[in-house]
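Novice: Below is the file data_8.txt, with compact mmCIF, C-alpha atoms.
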# COMPACT_ATOMS: atom_id res chain seq x y z
CA MET A 5 71.57 1.66 216.00
CA GLU A 6 70.08 3.38 213.01
CA GLY A 7 71.35 0.55 210.80
CA VAL A 8 69.19 -1.87 212.77
CA LEU A 9 66.05 0.21 213.33
CA ARG A 10 65.68 1.29 209.70
CA PRO A 11 65.44 -2.28 208.26
CA LEU A 12 63.16 -3.35 211.09
CA SER A 13 60.87 -0.38 210.54
CA VAL A 14 60.67 -1.02 206.79
CA VAL A 15 59.99 -4.74 207.07
CA GLY A 16 57.81 -4.41 210.17
CA GLY A 17 55.78 -1.59 208.65
CA ALA A 18 55.17 -3.61 205.49
CA LEU A 19 54.03 -6.62 207.51
CA ILE A 20 51.75 -4.56 209.76
CA VAL A 21 50.11 -2.79 206.83
CA THR A 22 49.66 -6.14 205.07
CA LEU A 23 48.01 -7.80 208.07
CA VAL A 24 45.72 -4.83 208.73
CA VAL A 25 44.59 -4.55 205.11
CA GLY A 26 44.02 -8.31 204.91
CA TRP A 27 41.94 -8.27 208.09
CA LEU A 28 39.88 -5.30 206.91
CA ALA A 29 39.23 -6.90 203.53
CA ASP A 30 38.13 -10.16 205.14
CA HIS A 31 35.91 -8.32 207.63
CA VAL A 32 34.22 -6.30 204.89
CA LEU A 33 33.63 -9.38 202.73
CA ARG A 34 32.21 -11.25 205.72
CA ARG A 35 29.70 -8.47 206.45
CA VAL A 36 28.69 -8.13 202.81
CA ASP A 37 28.20 -11.89 202.57
CA ALA A 38 25.95 -11.80 205.64
CA ARG A 39 23.81 -9.08 204.05
CA HIS A 40 23.60 -10.84 200.66
CA PRO A 41 23.42 -14.59 201.31
CA GLU A 42 21.75 -15.18 197.94
CA THR A 43 25.09 -14.92 196.12
CA PRO A 44 28.22 -16.90 197.09
CA LEU A 45 30.57 -14.40 195.41
CA TRP A 46 31.57 -12.55 198.55
CA ASN A 47 32.33 -15.71 200.48
CA LEU A 48 34.39 -17.02 197.55
CA LEU A 49 36.33 -13.77 197.36
CA ARG A 50 37.55 -14.40 200.88
CA ARG A 51 39.85 -17.01 199.36
CA CYS A 52 41.77 -14.12 197.80
CA ARG A 53 42.94 -12.84 201.18
CA LEU A 54 46.31 -14.63 201.14
CA PRO A 55 47.36 -13.69 197.58
CA LEU A 56 46.21 -10.13 198.26
CA GLN A 57 48.47 -9.93 201.31
CA VAL A 58 51.40 -11.37 199.35
CA VAL A 59 50.89 -8.78 196.60
CA LEU A 60 50.62 -5.91 199.07
CA CYS A 61 53.62 -6.97 201.16
CA THR A 62 55.81 -7.57 198.12
CA ALA A 63 54.84 -4.23 196.58
CA LEU A 64 55.64 -2.36 199.80
CA LEU A 65 59.01 -4.07 200.14
CA ARG A 66 59.78 -3.51 196.46
CA GLY A 67 59.19 0.20 196.83
CA SER A 68 60.98 0.74 200.15
CA PHE A 69 63.78 -1.80 200.48
CA ARG A 70 66.41 0.62 199.10
CA SER A 71 65.67 3.10 201.88
CA ALA A 72 66.38 0.37 204.45
CA GLY A 73 70.06 0.38 203.54
CA VAL A 74 70.31 -3.41 203.57
CA LEU A 75 72.30 -5.38 201.00
CA GLU A 76 73.21 -2.26 199.08
CA LYS A 77 75.75 -4.19 197.01
CA HIS A 78 73.03 -6.61 195.92
CA ALA A 79 70.20 -4.11 195.58
CA ASP A 80 69.59 -4.97 191.93
CA ALA A 81 69.36 -8.70 192.67
CA VAL A 82 66.97 -8.11 195.58
CA GLY A 83 64.83 -5.84 193.44
CA GLN A 84 64.75 -8.46 190.67
CA VAL A 85 63.62 -11.17 193.09
CA LEU A 86 60.92 -8.94 194.58
CA THR A 87 59.71 -8.07 191.08
CA LEU A 88 59.41 -11.74 190.16
CA VAL A 89 57.53 -12.51 193.37
CA LEU A 90 55.22 -9.54 192.75
CA ILE A 91 54.38 -10.72 189.22
CA GLY A 92 53.70 -14.25 190.46
CA ALA A 93 51.53 -13.00 193.31
CA CYS A 94 49.52 -10.78 190.97
CA ALA A 95 48.90 -13.76 188.69
CA TRP A 96 47.83 -15.83 191.73
CA LEU A 97 45.43 -13.10 192.85
CA LEU A 98 43.98 -12.70 189.37
CA VAL A 99 43.35 -16.44 189.04
CA ARG A 100 41.64 -16.57 192.45
CA VAL A 101 39.37 -13.63 191.57
CA ALA A 102 38.46 -15.12 188.16
CA VAL A 103 37.69 -18.53 189.68
CA ALA A 104 35.53 -16.93 192.39
CA ILE A 105 33.51 -14.98 189.84
CA VAL A 106 33.00 -18.00 187.58
CA GLU A 107 32.05 -20.33 190.44
CA ALA A 108 29.62 -17.79 191.87
CA SER A 109 27.95 -17.36 188.49
CA TYR A 110 27.63 -21.13 188.07
CA ALA A 111 26.24 -21.60 191.59
CA ARG A 112 23.52 -19.00 191.02
CA TYR A 113 22.62 -20.53 187.66
CA ALA A 114 22.50 -24.08 189.06
CA ALA A 115 20.24 -22.96 191.92
CA ARG A 116 17.68 -21.51 189.50
CA ALA A 117 17.90 -24.00 186.61
CA ALA A 118 15.50 -26.94 186.48
CA ASP A 119 17.08 -28.83 183.59
CA ALA A 120 19.76 -31.17 184.98
CA ALA A 121 21.27 -31.77 181.55
CA ARG A 122 21.67 -28.04 180.97
CA VAL A 123 23.31 -27.65 184.39
CA ARG A 124 25.85 -30.37 183.55
CA ARG A 125 26.61 -28.67 180.25
CA VAL A 126 27.24 -25.32 181.95
CA ARG A 127 29.36 -27.02 184.60
CA THR A 128 31.55 -28.58 181.90
CA GLN A 129 31.97 -25.24 180.15
CA VAL A 130 32.75 -23.44 183.42
CA THR A 131 35.39 -26.01 184.35
CA LEU A 132 37.18 -25.70 181.03
CA ILE A 133 36.92 -21.89 181.07
CA GLN A 134 38.61 -21.86 184.46
CA ARG A 135 41.44 -24.01 183.13
CA VAL A 136 41.86 -21.83 180.03
CA VAL A 137 41.94 -18.64 182.10
CA THR A 138 44.44 -20.15 184.54
CA ALA A 139 46.69 -21.32 181.71
CA ALA A 140 46.53 -17.93 179.98
CA VAL A 141 47.34 -16.00 183.16
CA CYS A 142 50.26 -18.32 183.93
CA VAL A 143 51.67 -17.92 180.42
CA VAL A 144 51.41 -14.14 180.60
CA ALA A 145 53.00 -14.13 184.08
CA VAL A 146 55.93 -16.26 182.94
CA ALA A 147 56.42 -14.05 179.89
CA ALA A 148 56.39 -10.95 182.09
CA MET A 149 58.96 -12.52 184.40
CA LEU A 150 61.24 -13.35 181.50
CA LEU A 151 60.97 -9.83 180.10
CA THR A 152 62.31 -8.40 183.37
CA PHE A 153 65.74 -9.78 182.48
CA PRO A 154 67.73 -7.49 180.16
CA ALA A 155 69.09 -10.43 178.19
CA MET A 156 65.59 -11.56 177.31
CA ARG A 157 64.63 -8.08 176.10
CA THR A 158 67.72 -7.97 173.89
CA ALA A 159 66.89 -11.33 172.40
CA GLY A 160 63.30 -10.34 171.79
CA VAL A 161 63.88 -9.21 168.22
CA SER A 162 65.54 -12.47 167.20
CA VAL A 163 62.85 -14.48 168.94
CA LEU A 164 60.11 -12.65 167.06
CA ALA A 165 61.97 -13.08 163.78
CA SER A 166 62.14 -16.84 164.24
CA ALA A 167 58.65 -17.14 165.71
CA GLY A 168 57.18 -18.30 162.41
CA LEU A 169 59.61 -21.17 161.99
CA ILE A 170 59.36 -22.13 165.65
CA GLY A 171 55.56 -22.13 165.40
CA ILE A 172 55.63 -24.49 162.43
CA VAL A 173 58.06 -26.86 164.13
CA ALA A 174 56.10 -26.78 167.39
CA GLY A 175 52.84 -27.39 165.56
CA VAL A 176 54.23 -30.48 163.85
CA ALA A 177 55.89 -31.78 167.03
CA ALA A 178 52.82 -31.19 169.22
CA GLN A 179 50.19 -32.23 166.72
CA SER A 180 48.48 -34.70 169.08
CA THR A 181 48.56 -32.22 171.96
CA LEU A 182 47.00 -29.48 169.86
CA ALA A 183 44.38 -31.93 168.60
CA ASN A 184 43.43 -32.76 172.18
CA LEU A 185 43.39 -29.06 173.08
CA PHE A 186 40.94 -28.16 170.32
CA ALA A 187 38.94 -31.31 171.01
CA GLY A 188 38.57 -30.17 174.63
CA LEU A 189 37.22 -26.81 173.50
CA GLN A 190 34.87 -28.57 171.08
CA ILE A 191 33.56 -30.78 173.88
CA ALA A 192 33.05 -27.79 176.17
CA PHE A 193 31.04 -25.69 173.72
CA GLY A 194 29.69 -28.38 171.38
CA ASP A 195 27.75 -30.22 174.11
CA ILE A 196 29.13 -33.61 173.03
CA VAL A 197 29.76 -34.94 176.52
CA ARG A 198 29.43 -33.30 179.93
CA ILE A 199 30.54 -33.90 183.49
CA GLY A 200 28.11 -36.35 185.07
CA ASP A 201 27.01 -37.98 181.79
CA THR A 202 26.63 -41.76 181.65
CA VAL A 203 28.71 -43.08 178.75
CA VAL A 204 29.85 -46.39 177.28
CA VAL A 205 33.35 -46.33 175.74
CA ASP A 206 35.20 -49.43 174.51
CA GLY A 207 32.58 -51.61 176.17
CA GLU A 208 33.03 -49.95 179.58
CA TRP A 209 30.04 -48.33 181.29
CA GLY A 210 30.74 -45.38 183.54
CA ARG A 211 30.14 -41.76 184.47
CA VAL A 212 32.20 -38.76 183.35
CA GLU A 213 34.02 -37.48 186.43
CA GLU A 214 36.45 -34.90 185.05
CA ILE A 215 37.08 -33.10 181.75
CA THR A 216 40.27 -31.19 181.05
CA LEU A 217 41.70 -29.62 177.92
CA THR A 218 43.62 -32.80 177.05
CA TYR A 219 42.04 -35.80 178.78
CA LEU A 220 38.76 -37.07 180.22
CA VAL A 221 38.22 -39.33 183.24
CA VAL A 222 35.40 -41.91 183.30
CA THR A 223 34.52 -43.61 186.60
CA THR A 224 33.20 -47.13 186.06
CA TRP A 225 30.55 -48.86 188.18
CA ASP A 226 33.27 -50.78 190.06
CA GLU A 227 35.09 -47.50 190.94
CA ARG A 228 37.86 -47.79 188.36
CA ARG A 229 39.06 -44.64 186.58
CA ILE A 230 39.55 -44.73 182.82
CA THR A 231 41.61 -41.83 181.48
CA MET A 232 41.10 -41.16 177.79
CA PRO A 233 42.24 -38.37 175.44
CA VAL A 234 39.45 -35.95 174.65
CA SER A 235 40.13 -36.42 170.93
CA TYR A 236 38.61 -39.92 171.30
CA PHE A 237 35.16 -38.41 171.84
CA THR A 238 35.40 -36.22 168.73
CA SER A 239 36.74 -38.88 166.36
CA ARG A 240 35.02 -42.13 167.40
CA PRO A 241 31.43 -43.15 168.11
CA PHE A 242 30.44 -43.73 171.73
CA GLU A 243 27.21 -44.12 173.69
CA ASN A 244 25.95 -41.23 175.80
CA TRP A 245 22.97 -42.41 177.82
CA SER A 246 22.15 -39.03 179.36
CA ARG A 247 22.91 -36.46 176.66
CA SER A 248 19.43 -35.00 176.23
CA ASN A 249 17.31 -37.15 178.54
CA PRO A 250 18.52 -39.72 181.10
CA ARG A 251 15.36 -41.84 180.83
CA MET A 252 16.01 -45.37 179.61
CA THR A 253 14.19 -48.51 178.48
CA GLY A 254 15.52 -51.89 179.60
CA THR A 255 14.77 -55.49 178.68
CA VAL A 256 14.76 -58.77 180.62
CA PHE A 257 14.96 -61.99 178.59
CA LEU A 258 13.77 -65.35 179.94
CA HIS A 259 13.98 -68.78 178.30
CA LEU A 260 10.90 -70.80 179.32
CA ASP A 261 8.97 -73.88 178.40
CA HIS A 262 6.25 -73.72 175.75
CA SER A 263 3.63 -74.24 178.46
CA ALA A 264 4.52 -71.00 180.31
CA PRO A 265 1.36 -69.06 181.37
CA MET A 266 1.88 -65.79 179.49
CA ASP A 267 -1.26 -64.01 180.73
CA LEU A 268 -0.43 -64.78 184.36
CA MET A 269 3.15 -63.66 183.79
CA ARG A 270 1.94 -60.30 182.46
CA ASP A 271 -0.21 -59.79 185.54
CA ARG A 272 2.66 -60.77 187.80
CA LEU A 273 5.08 -58.41 186.02
CA TYR A 274 2.71 -55.48 186.50
CA GLU A 275 2.33 -56.31 190.21
CA ILE A 276 6.12 -56.38 190.58
CA LEU A 277 6.59 -53.05 188.81
CA ARG A 278 3.93 -51.28 190.86
CA GLY A 279 5.85 -52.10 194.04
CA LEU A 280 9.23 -50.88 192.79
CA PRO A 281 10.22 -47.20 193.19
CA GLU A 282 12.69 -47.50 190.31
CA TRP A 283 9.90 -47.91 187.75
CA ASP A 284 8.81 -44.53 186.37
CA GLY A 285 5.44 -45.79 185.10
CA ARG A 286 6.00 -44.82 181.46
CA SER A 287 5.79 -48.23 179.81
CA TRP A 288 5.99 -52.00 180.27
CA SER A 289 5.24 -55.12 178.25
CA LEU A 290 5.77 -58.89 178.14
CA VAL A 291 5.89 -60.69 174.79
CA VAL A 292 7.30 -63.85 173.22
CA THR A 293 10.09 -62.80 170.87
CA ASP A 294 11.45 -66.16 169.71
CA THR A 295 10.90 -69.90 169.89
CA THR A 296 13.05 -73.03 169.60
CA PRO A 297 12.14 -76.73 169.56
CA SER A 298 12.63 -76.87 173.34
CA THR A 299 12.00 -73.33 174.72
CA ILE A 300 10.48 -69.93 174.03
CA GLN A 301 12.17 -66.56 174.55
CA VAL A 302 10.12 -64.09 176.61
CA ARG A 303 11.03 -60.41 176.73
CA ALA A 304 9.94 -58.14 179.58
CA LEU A 305 10.25 -54.43 178.77
CA VAL A 306 10.52 -51.86 181.59
CA THR A 307 11.38 -48.15 181.87
CA ALA A 308 13.19 -46.00 184.45
CA LYS A 309 14.38 -42.44 184.90
CA ASP A 310 18.13 -43.13 184.51
CA ALA A 311 20.75 -45.82 183.91
CA ASP A 312 21.20 -46.68 187.60
CA ASP A 313 17.50 -47.32 188.13
CA ILE A 314 17.12 -49.33 184.91
CA TRP A 315 19.92 -51.67 185.98
CA THR A 316 18.36 -52.21 189.42
CA LEU A 317 14.91 -52.65 187.88
CA ARG A 318 16.08 -55.28 185.41
CA CYS A 319 17.83 -57.30 188.12
CA VAL A 320 14.83 -57.23 190.49
CA VAL A 321 12.30 -58.08 187.75
CA ARG A 322 14.41 -61.01 186.54
CA GLU A 323 14.86 -62.34 190.07
CA ARG A 324 11.22 -62.05 191.12
CA LEU A 325 9.80 -63.49 187.91
CA ILE A 326 12.03 -66.56 188.14
CA GLU A 327 11.19 -67.00 191.82
CA TRP A 328 7.46 -66.74 191.08
CA LEU A 329 7.68 -69.29 188.25
CA ARG A 330 9.71 -71.69 190.38
CA ARG A 331 7.20 -71.44 193.23
CA GLU A 332 3.85 -71.19 191.40
CA HIS A 333 4.48 -72.65 187.92
CA PRO A 334 7.55 -74.91 187.95
CA TYR A 335 6.40 -76.61 184.75
CA ALA A 336 7.10 -73.32 182.88
CA LEU A 337 10.84 -73.49 183.52
CA PRO A 338 13.04 -75.04 180.82
CA ARG A 339 13.45 -78.82 181.10
CA ILE A 340 14.50 -81.84 179.07
CA ASN A 341 11.60 -84.16 178.19
CA THR A 342 12.35 -87.83 178.80
CA ALA A 343 8.78 -89.25 178.80
CA PRO A 344 7.01 -90.24 175.56
CA ALA A 345 4.68 -87.71 174.03
CA PRO A 346 0.93 -88.15 174.74
CA GLY A 347 -0.72 -90.72 172.39
CA LEU A 348 2.55 -92.36 171.41
CA GLU A 349 1.56 -95.72 173.00
CA GLN A 350 -1.47 -96.03 170.65
CA ALA A 351 0.54 -95.29 167.53
CA PRO A 352 1.86 -98.26 165.49
CA ASP A 353 5.43 -99.29 166.14
CA ARG A 354 7.23 -98.29 162.98
CA ARG A 355 10.50 -99.68 164.24
CA GLN A 356 9.45 -103.42 163.82
CA ALA A 357 11.37 -105.80 161.50
CA PRO A 358 10.42 -105.92 157.80
CA PRO A 359 7.94 -108.70 156.77
CA THR A 360 9.29 -112.07 155.50
CA ALA A 361 8.28 -113.96 152.35
CA GLU A 362 6.03 -116.29 154.37
CA ASP A 363 4.11 -113.27 155.75
CA ILE A 364 3.62 -111.85 152.28
CA GLY A 365 2.44 -115.15 150.65
CA PRO A 366 2.85 -116.29 147.05
CA GLY A 367 3.24 -113.58 144.54
CA PRO A 368 1.29 -113.20 141.27
CA GLY A 369 2.01 -115.80 138.58
CA THR A 370 3.03 -118.59 140.99
CA THR A 371 1.25 -122.01 141.39
Would you mind writing the structure in this file as structure tokens?

Specialist:
Amino acid sequence: MEGVLRPLSVVGGALIVTLVVGWLADHVLRRVDARHPETPLWNLLRRCRLPLQVVLCTALLRGSFRSAGVLEKHADAVGQVLTLVLIGACAWLLVRVAVAIVEASYARYAARAADAARVRRVRTQVTLIQRVVTAAVCVVAVAAMLLTFPAMRTAGVSVLASAGLIGIVAGVAAQSTLANLFAGLQIAFGDIVRIGDTVVVDGEWGRVEEITLTYLVVTTWDERRITMPVSYFTSRPFENWSRSNPRMTGTVFLHLDHSAPMDLMRDRLYEILRGLPEWDGRSWSLVVTDTTPSTIQVRALVTAKDADDIWTLRCVVRERLIEWLRREHPYALPRINTAPAPGLEQAPDRRQAPPTAEDIGPGPGTT
């Protein structure tokens, strides 16, 4: 009977203590969050409840499983497994706490900041910091797990002795990976490109959706995802339409007849812009930029607060100007002239046959 009650008491006691501590921690965090709603830290820390319970339960079992008298022949193996689980759970808890602190700091900064570009920059840095911290904690946890094996501790001296050679070989073999890693850090803290920026890469227009230490994801206007190595943005030129200021200037080109009423078109363009919410009111103009024997090129210049609005504004202005010309001034649209020019019927016909000798008469010196 004792052989059954002792294991049950050890395991049951560990589970009961774990559940009670987890409930108390969650209850305390809930009350603190209710008293301080201005910071999301306490609510985010509630995500740490599960890893905290795993750490606590594993630690209790690791310290008391030998007294349970179970699997005495395999006590070392059980202890090794519990140690590995404990290290992994501690790493999980540490990552959750770090992420909660970083996200809470970013949320408070974003709520107070007025500069959208600065907020995107901080968001990019925070995202990459979270990934770096997670990677570092995982590496340390794996190293700690490996060091729990006696064979790994014995081989530690030889590993350290050959670390220089291994580092050189790994650096040469993973040259592109390391280049992307350092490029990711340069993007995060060099403010080259940020999450939410509007960019043009390889002729594709899109918005930066995700930045990692090795690659960057751009979402195009037609909802495609372009995945590119981050080293591309540190080694090649690209367009960033929202780096310092998202405001943009757009142009609309029209090919019209030489008789197009330019003054009336300027008035009409201003009326169109005043009725469009996409126009930010900064600037506008309508000028003739080029001419050909059959048409003139008219450029309408408009401004908007970002790339999305400038695209919509250009499309609407182009559509409404053409509709107005077609309805009010159809003669201003390009056409092929088939009628003779004015005054041509009064001009002499230079295409008639050359005069004959009888028309010219006798020349000088003849009788």

Novice: Restricting the calculation to only C-alpha atoms: of A:Val82, A:Leu97, A:Leu217, A:Ile20, which residue gets closest to A:Arg51?

Specialist: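 Closest candidate: A:Leu97.
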
Novice: Let me make sure I understand: among A:Val144, A:Leu260, A:Val212, A:Ile105, which one has the smallest atom-to-atom distance to A:His333 if we use all atoms listed in the file?

Specialist: A:Leu260

Novice: List as a compact mmCIF listing (two decimals) with C-alpha atoms, keeping the file's coordinate frame the protein and nucleic acid residues near stretch 145-153 of chain A, meaning an atom at most 12 Å away when all atoms listed in the file are counted, but skip any in the same chain fewer than 3 places from it.

Specialist:
# COMPACT_ATOMS: atom_id res chain seq x y z
CA ASP A 80 69.59 -4.97 191.93
CA ALA A 81 69.36 -8.70 192.67
CA GLY A 83 64.83 -5.84 193.44
CA GLN A 84 64.75 -8.46 190.67
CA VAL A 85 63.62 -11.17 193.09
CA LEU A 86 60.92 -8.94 194.58
CA THR A 87 59.71 -8.07 191.08
CA LEU A 88 59.41 -11.74 190.16
CA VAL A 89 57.53 -12.51 193.37
CA LEU A 90 55.22 -9.54 192.75
CA ILE A 91 54.38 -10.72 189.22
CA GLY A 92 53.70 -14.25 190.46
CA ALA A 93 51.53 -13.00 193.31
CA CYS A 94 49.52 -10.78 190.97
CA ALA A 95 48.90 -13.76 188.69
CA TRP A 96 47.83 -15.83 191.73
CA LEU A 97 45.43 -13.10 192.85
CA LEU A 98 43.98 -12.70 189.37
CA VAL A 99 43.35 -16.44 189.04
CA THR A 138 44.44 -20.15 184.54
CA ALA A 139 46.69 -21.32 181.71
CA ALA A 140 46.53 -17.93 179.98
CA VAL A 141 47.34 -16.00 183.16
CA CYS A 142 50.26 -18.32 183.93
CA MET A 156 65.59 -11.56 177.31
CA ARG A 157 64.63 -8.08 176.10
CA THR A 158 67.72 -7.97 173.89
CA ALA A 159 66.89 -11.33 172.40
CA GLY A 160 63.30 -10.34 171.79

Novice: For A:Thr43, which residue out of A:Arg324, A:His262, A:Arg66, A:Arg112 is the nearest one, using only C-alpha atoms?

Specialist: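 Counting only C-alpha atoms, the residue closest to A:Thr43 is A:Arg112.
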
Novice: Write out as a list in words which residues come within 10 Å of A:Thr295 when counting only C-alpha atoms, dropping same-chain ones fewer than 5 positions away.

Specialist: His259, Leu260, Asp261, His262, Ile300, Gln301 and Val302 of chain A

Novice: Write the residues of the preceding selection, restricted to C-alpha atoms, as a tab-separated table (two decimals), keeping the file's coordinate frame.

Specialist:
chain	number	residue	atom	x	y	z
A	259	HIS	CA	13.98	-68.78	178.30
A	260	LEU	CA	10.90	-70.80	179.32
A	261	ASP	CA	8.97	-73.88	178.40
A	262	HIS	CA	6.25	-73.72	175.75
A	300	ILE	CA	10.48	-69.93	174.03
A	301	GLN	CA	12.17	-66.56	174.55
A	302	VAL	CA	10.12	-64.09	176.61

Novice: Nearest to A:Leu48: which of A:Ile199, A:Leu33, A:Ile215, A:Pro241 is it, counting all atoms listed in the file?

Specialist: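 Once distances to A:Leu48 are computed over all atoms listed in the file, the minimum belongs to A:Leu33.
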
Novice: So, with all atoms listed in the file as the atoms that count, which of A:Ser68, A:Thr224, A:Ser239, A:Thr202 lies closest to A:Asp310?

Specialist: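 Using all atoms listed in the file, A:Asp310 sits closest to A:Thr202.
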
Novice: Which polymer residues, protein or nucleic acid, are no farther than 7 Å from (30.1, -17.7, 196.3), counting all atoms listed in the file, as a list in words?

Specialist: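 All residues meeting the 7 Å criterion around (30.1, -17.7, 196.3) are Thr43, Pro44, Leu45, Trp46, Asn47, Leu48, Ala104, Glu107 and Ala108 of chain A.
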
Novice: For A:Arg53, which of A:Gly200, A:Gly26, A:Pro334, A:Gly210 is the closest residue, counting all atoms listed in the file?

Specialist: A:Gly26

Novice: Within 9 Å of A:Asn249, counting only C-alpha atoms, which residues show up once you throw out same-chain ones fewer than 3 positions away? Write them as a PyMOL selection string, please.

Specialist: chain A and resi 121+245-246+252+309-310

Novice: What lies within 12 Å of A:Thr22 using only C-alpha atoms, ignoring chain neighbours under 3 positions off, as an MDAnalysis selection string?

Specialist: chainID A and resid 15:19 25:29 53:65

Novice: Would you save the residues from that selection as a short mmCIF file (atom, residue, chain, number, x, y, z; two decimals), in the frame of the given file, using C-alpha atoms?

Specialist:
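Once written, selection.cif looks like this:
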data_model
loop_
_atom_site.label_atom_id
_atom_site.label_comp_id
_atom_site.auth_asym_id
_atom_site.auth_seq_id
_atom_site.Cartn_x
_atom_site.Cartn_y
_atom_site.Cartn_z
CA VAL A 15 59.99 -4.74 207.07
CA GLY A 16 57.81 -4.41 210.17
CA GLY A 17 55.78 -1.59 208.65
CA ALA A 18 55.17 -3.61 205.49
CA LEU A 19 54.03 -6.62 207.51
CA VAL A 25 44.59 -4.55 205.11
CA GLY A 26 44.02 -8.31 204.91
CA TRP A 27 41.94 -8.27 208.09
CA LEU A 28 39.88 -5.30 206.91
CA ALA A 29 39.23 -6.90 203.53
CA ARG A 53 42.94 -12.84 201.18
CA LEU A 54 46.31 -14.63 201.14
CA PRO A 55 47.36 -13.69 197.58
CA LEU A 56 46.21 -10.13 198.26
CA GLN A 57 48.47 -9.93 201.31
CA VAL A 58 51.40 -11.37 199.35
CA VAL A 59 50.89 -8.78 196.60
CA LEU A 60 50.62 -5.91 199.07
CA CYS A 61 53.62 -6.97 201.16
CA THR A 62 55.81 -7.57 198.12
CA ALA A 63 54.84 -4.23 196.58
CA LEU A 64 55.64 -2.36 199.80
CA LEU A 65 59.01 -4.07 200.14
#

Novice: Atom CA of A:Leu290 and atom CA of A:Trp225 are how many Å apart?

Specialist: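 Separating atom CA of A:Leu290 from atom CA of A:Trp225 is a distance of 28.6 Å.
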